[in-house]
Amino acid sequence: MSNSVDTGRTSRLGGLRRFAVAITILNVVGRAVLGFEQSWAQWLVALGSAYAAEILFETLIAWGQRRRPNYIGRPGQVVDFLLSAHIAGNAVSMLLYGSDRLWPFAFAAVVAISSKTIFRIPAGRGTRHFLNPSNTGISTTLLCFPWVGVAAPYMFTENLPGWADWALPLLIICTGTFLNARFTGRLPLIAGWVGGFVAQAVLRSLLFHGPLIAPLLPLTGVTFVLFTFYMVTDPATTPHAPRHQVLFGAAVAATYGALVMLHVVFGMFFALTIVCAARGLCLYVQTLLARRSQAQIQAAPQVLAVMGRTEQ
């Protein structure tokens with residue numbers, strides 16, 4: 001049992017490290033070569049805000065629990081501790097567009113990290129977060145500030161000539177497939193999401209008698225590819241069983257389709273937030289019912305003993 005837990009932690013840490021390297025390279029190359037319109041300052045502000053929030057919350061929690069913070073220990077432990085914050089900071093700085101403003105990126109990063117601390121459900125002897133941090137930060141920022149938008153798809157390939165604007169999405173797909181197959185085990189979820197996306201596109205085309213190419217067009221964008229391989233597959237906030245992964249991905253696609261029919265923009269991000277929140281609520285209720293049932297089972301012998309003494 002211990003070996004399997006250690007193996008799972010090692011695999012998760014290996015996945016986080018590689019995701020962090022990949023998304024860092026994409027942010028640097030995006031600003032230097034590809035055509036990202038977000039500034040270097042916005043990237044650094046998002047990263048700094050995510051790091052600061054992660055360290056602050058961990059320090060307060062450790063102080064309240066009278067233990068040593070998790071970022072203090074062996075050499076390099078602070079780096080591993082900040083991997084999640086690093087990924088969140090990179091994600092919000094790459095996928096949001098806030099003109100020349102800095103504070104929306106700080107806000108999104110802090111919300112992303114805060115969601116991990118505030119919204120938690122019981123799990124075993126502790127708790128775990130159920131909202132996708134990066135996606136929650138992005139969704140909340142889009143809701144609170146209507147003038148903030150999502151990075152336009154052309155930013156990712158604006159400066160690439162000819163065949164290169166096809167090569168980049170293919171590279172992201174290949175690396176994303178490898179990382180999710182090797183470290184997260186979320187290929188069934190990707191299949192459920194992409195399959196569900198195609199299904200909702202076909203259904204919308206039939207319902208509204210429109211050309212099928214229109215609802216399928218987002219499939220060709222780099223934003224969709226990044227969302228598919230680096231956002232929706234977060235192993236900490238998605239199911240583990242393959243069948244449940246497929247259902248989760250399909251639920252996100254169905255929610256996206258419903259939001260589009262309601263004329264809600266940025267539907268992918270809102271759909272993932274809604275499904276994560278609904279899953280968290282279901283898990284919370286399920287845990288409460290299980291604990292109540294366990295308490296009743298443990299109390300049953302005592303009740304019977306009291307009833308026996310009463311009869312005597």
# chains A, B, ... in the order shown; residues from 1 in each chain; ligands from 1
$ select_by_dssp --residues "region 17-150 of chain A" --states "strand (DSSP E or B)" --output "list of chain:residue names"
A:Leu96, A:Tyr97, A:Arg120, A:Ile121, A:Pro122, A:Ala123, A:Gly126, A:Thr127, A:Arg128, A:His129, A:Gly149, A:Val150
$ write_last_selection --atoms "C-alpha atoms" --output "PDB file, in the first residue's frame"
ATOM      1  CA  LEU A  96      -6.101  36.050 -20.315  1.00  0.00           C
ATOM      2  CA  TYR A  97      -5.871  39.352 -22.163  1.00  0.00           C
ATOM      3  CA  ARG A 120     -12.135  21.851  -0.090  1.00  0.00           C
ATOM      4  CA  ILE A 121     -14.009  18.644   0.620  1.00  0.00           C
ATOM      5  CA  PRO A 122     -13.236  15.817   3.076  1.00  0.00           C
ATOM      6  CA  ALA A 123     -10.949  13.131   1.664  1.00  0.00           C
ATOM      7  CA  GLY A 126      -7.754  15.257   5.389  1.00  0.00           C
ATOM      8  CA  THR A 127      -9.298  17.407   2.677  1.00  0.00           C
ATOM      9  CA  ARG A 128      -8.697  18.127  -0.989  1.00  0.00           C
ATOM     10  CA  HIS A 129      -9.606  20.890  -3.405  1.00  0.00           C
ATOM     11  CA  GLY A 149     -10.989  38.753 -22.369  1.00  0.00           C
ATOM     12  CA  VAL A 150      -9.329  35.531 -23.412  1.00  0.00           C
TER      13      VAL A 150
END
$ residues_around --residues "Gly221 (chain A)" --least-positions-apart "3" --cutoff "10 Å" --atoms "only C-alpha atoms" --output "PDB file with N, CA and C atoms, in the first residue's frame"
ATOM      1  N   ALA A 152      -6.659  35.934 -27.916  1.00  0.00           N
ATOM      2  CA  ALA A 152      -7.146  35.559 -29.242  1.00  0.00           C
ATOM      3  C   ALA A 152      -6.308  34.416 -29.814  1.00  0.00           C
ATOM      4  N   PRO A 153      -6.930  33.467 -30.517  1.00  0.00           N
ATOM      5  CA  PRO A 153      -6.186  32.315 -31.047  1.00  0.00           C
ATOM      6  C   PRO A 153      -5.029  32.696 -31.962  1.00  0.00           C
ATOM      7  N   TYR A 154      -5.160  33.807 -32.671  1.00  0.00           N
ATOM      8  CA  TYR A 154      -4.100  34.163 -33.615  1.00  0.00           C
ATOM      9  C   TYR A 154      -2.791  34.513 -32.918  1.00  0.00           C
ATOM     10  N   PHE A 156      -1.098  32.860 -30.915  1.00  0.00           N
ATOM     11  CA  PHE A 156      -0.206  31.722 -30.748  1.00  0.00           C
ATOM     12  C   PHE A 156       0.588  31.400 -32.011  1.00  0.00           C
ATOM     13  N   THR A 157       0.104  31.834 -33.160  1.00  0.00           N
ATOM     14  CA  THR A 157       0.800  31.498 -34.414  1.00  0.00           C
ATOM     15  C   THR A 157       0.969  32.723 -35.310  1.00  0.00           C
ATOM     16  N   PRO A 169       0.580  23.498 -33.128  1.00  0.00           N
ATOM     17  CA  PRO A 169      -0.491  22.710 -32.510  1.00  0.00           C
ATOM     18  C   PRO A 169      -0.185  21.212 -32.473  1.00  0.00           C
ATOM     19  N   LEU A 217     -15.414  24.601 -35.513  1.00  0.00           N
ATOM     20  CA  LEU A 217     -14.250  25.446 -35.773  1.00  0.00           C
ATOM     21  C   LEU A 217     -13.323  25.621 -34.570  1.00  0.00           C
ATOM     22  N   PRO A 218     -13.856  25.733 -33.323  1.00  0.00           N
ATOM     23  CA  PRO A 218     -12.939  25.877 -32.188  1.00  0.00           C
ATOM     24  C   PRO A 218     -11.928  24.743 -32.051  1.00  0.00           C
ATOM     25  N   PHE A 224      -8.034  25.837 -27.833  1.00  0.00           N
ATOM     26  CA  PHE A 224      -8.745  24.580 -27.578  1.00  0.00           C
ATOM     27  C   PHE A 224      -7.758  23.467 -27.259  1.00  0.00           C
ATOM     28  N   VAL A 225      -6.659  23.408 -28.003  1.00  0.00           N
ATOM     29  CA  VAL A 225      -5.653  22.363 -27.782  1.00  0.00           C
ATOM     30  C   VAL A 225      -5.035  22.499 -26.395  1.00  0.00           C
ATOM     31  N   LEU A 226      -4.689  23.723 -26.003  1.00  0.00           N
ATOM     32  CA  LEU A 226      -4.124  23.940 -24.675  1.00  0.00           C
ATOM     33  C   LEU A 226      -5.126  23.589 -23.581  1.00  0.00           C
TER      34      LEU A 226
END
$ closest_atom_pairs --of "region 92-206 of chain A" --to "region 48-63 of chain A" --cutoff "7 Å" --atoms "only C-alpha atoms" --output "CSV"
residue,atom,partner,partner_atom,distance
A:Ala106,CA,A:Ser49,CA,5.4
A:Ala109,CA,A:Ala50,CA,5.0
A:Val110,CA,A:Ala50,CA,5.7
A:Ile113,CA,A:Glu54,CA,6.2
$ closest_residue --among "A:Leu16, A:Ala151, A:Ala22, A:Cys282" --to "Phe36 (chain A)" --atoms "only C-alpha atoms"
A:Ala151
$ select_by_dssp --residues "region 74-256 of chain A" --states "alpha helix (DSSP H)" --output "NGL selection string"
:A and (77-81 or 83-95 or 103-118 or 133-144 or 164-179 or 187-208 or 213-216 or 222-226 or 242-256)
$ decode --residues "region 9-52 of chain A" --atoms "N, CA and C atoms" --output "compact mmCIF listing (two decimals), in the first residue's frame"
# COMPACT_ATOMS: atom_id res chain seq x y z
N ARG A 9 2.59 9.43 -5.83
CA ARG A 9 3.11 10.76 -5.56
C ARG A 9 4.26 11.10 -6.49
N THR A 10 5.15 10.11 -6.74
CA THR A 10 6.28 10.34 -7.63
C THR A 10 5.81 10.64 -9.04
N SER A 11 4.80 9.87 -9.50
CA SER A 11 4.26 10.10 -10.85
C SER A 11 3.62 11.46 -10.96
N ARG A 12 2.86 11.86 -9.92
CA ARG A 12 2.20 13.17 -9.94
C ARG A 12 3.24 14.28 -9.95
N LEU A 13 4.29 14.12 -9.12
CA LEU A 13 5.34 15.14 -9.07
C LEU A 13 6.08 15.23 -10.40
N GLY A 14 6.34 14.06 -11.00
CA GLY A 14 6.99 14.07 -12.31
C GLY A 14 6.14 14.74 -13.36
N GLY A 15 4.84 14.51 -13.31
CA GLY A 15 3.93 15.17 -14.24
C GLY A 15 3.90 16.67 -14.05
N LEU A 16 3.85 17.10 -12.77
CA LEU A 16 3.83 18.54 -12.48
C LEU A 16 5.11 19.21 -12.98
N ARG A 17 6.23 18.56 -12.76
CA ARG A 17 7.50 19.14 -13.21
C ARG A 17 7.52 19.32 -14.72
N ARG A 18 7.08 18.33 -15.43
CA ARG A 18 7.12 18.40 -16.89
C ARG A 18 6.08 19.38 -17.44
N PHE A 19 4.90 19.42 -16.81
CA PHE A 19 3.91 20.42 -17.19
C PHE A 19 4.45 21.83 -16.96
N ALA A 20 5.13 22.02 -15.83
CA ALA A 20 5.69 23.33 -15.51
C ALA A 20 6.73 23.75 -16.53
N VAL A 21 7.61 22.81 -16.92
CA VAL A 21 8.63 23.13 -17.92
C VAL A 21 7.98 23.46 -19.25
N ALA A 22 7.00 22.64 -19.67
CA ALA A 22 6.37 22.85 -20.96
C ALA A 22 5.65 24.19 -21.04
N ILE A 23 4.89 24.54 -20.00
CA ILE A 23 4.11 25.77 -20.05
C ILE A 23 5.03 26.99 -19.90
N THR A 24 6.16 26.83 -19.20
CA THR A 24 7.13 27.93 -19.11
C THR A 24 7.76 28.20 -20.48
N ILE A 25 8.16 27.14 -21.16
CA ILE A 25 8.75 27.30 -22.51
C ILE A 25 7.76 27.97 -23.44
N LEU A 26 6.50 27.55 -23.37
CA LEU A 26 5.49 28.13 -24.25
C LEU A 26 5.29 29.62 -23.97
N ASN A 27 5.31 30.01 -22.70
CA ASN A 27 5.16 31.43 -22.36
C ASN A 27 6.35 32.25 -22.84
N VAL A 28 7.55 31.73 -22.67
CA VAL A 28 8.74 32.46 -23.08
C VAL A 28 8.81 32.56 -24.60
N VAL A 29 8.66 31.43 -25.28
CA VAL A 29 8.71 31.42 -26.74
C VAL A 29 7.55 32.22 -27.32
N GLY A 30 6.39 32.15 -26.66
CA GLY A 30 5.22 32.89 -27.14
C GLY A 30 5.46 34.38 -27.16
N ARG A 31 6.09 34.89 -26.12
CA ARG A 31 6.35 36.33 -26.07
C ARG A 31 7.54 36.74 -26.93
N ALA A 32 8.50 35.86 -27.07
CA ALA A 32 9.70 36.21 -27.82
C ALA A 32 9.55 35.98 -29.32
N VAL A 33 8.73 34.98 -29.70
CA VAL A 33 8.68 34.58 -31.11
C VAL A 33 7.27 34.53 -31.68
N LEU A 34 6.35 33.85 -30.98
CA LEU A 34 5.08 33.49 -31.58
C LEU A 34 4.15 34.67 -31.83
N GLY A 35 4.14 35.63 -30.94
CA GLY A 35 3.25 36.77 -31.13
C GLY A 35 2.30 37.03 -29.98
N PHE A 36 2.62 36.50 -28.78
CA PHE A 36 1.79 36.81 -27.61
C PHE A 36 1.73 38.33 -27.42
N GLU A 37 0.55 38.85 -27.17
CA GLU A 37 0.40 40.29 -26.95
C GLU A 37 0.42 40.67 -25.48
N GLN A 38 0.42 39.66 -24.59
CA GLN A 38 0.60 39.95 -23.17
C GLN A 38 2.07 40.29 -22.93
N SER A 39 2.32 41.23 -22.03
CA SER A 39 3.68 41.70 -21.80
C SER A 39 4.45 40.76 -20.89
N TRP A 40 5.78 40.95 -20.88
CA TRP A 40 6.62 40.21 -19.94
C TRP A 40 6.26 40.60 -18.50
N ALA A 41 5.93 41.85 -18.30
CA ALA A 41 5.58 42.31 -16.95
C ALA A 41 4.33 41.60 -16.45
N GLN A 42 3.34 41.38 -17.31
CA GLN A 42 2.13 40.68 -16.91
C GLN A 42 2.43 39.24 -16.53
N TRP A 43 3.35 38.61 -17.24
CA TRP A 43 3.77 37.25 -16.91
C TRP A 43 4.43 37.21 -15.53
N LEU A 44 5.36 38.12 -15.29
CA LEU A 44 6.07 38.15 -14.02
C LEU A 44 5.14 38.49 -12.86
N VAL A 45 4.18 39.39 -13.08
CA VAL A 45 3.21 39.74 -12.04
C VAL A 45 2.35 38.53 -11.69
N ALA A 46 1.89 37.80 -12.71
CA ALA A 46 1.07 36.61 -12.46
C ALA A 46 1.86 35.56 -11.68
N LEU A 47 3.11 35.34 -12.07
CA LEU A 47 3.93 34.36 -11.36
C LEU A 47 4.20 34.80 -9.92
N GLY A 48 4.60 36.05 -9.76
CA GLY A 48 4.90 36.54 -8.42
C GLY A 48 3.69 36.49 -7.51
N SER A 49 2.52 36.84 -8.03
CA SER A 49 1.30 36.81 -7.22
C SER A 49 0.94 35.38 -6.82
N ALA A 50 1.09 34.44 -7.75
CA ALA A 50 0.79 33.04 -7.45
C ALA A 50 1.75 32.50 -6.39
N TYR A 51 3.05 32.79 -6.54
CA TYR A 51 4.03 32.34 -5.54
C TYR A 51 3.71 32.92 -4.16
N ALA A 52 3.46 34.23 -4.12
CA ALA A 52 3.21 34.89 -2.84
C ALA A 52 1.97 34.33 -2.15
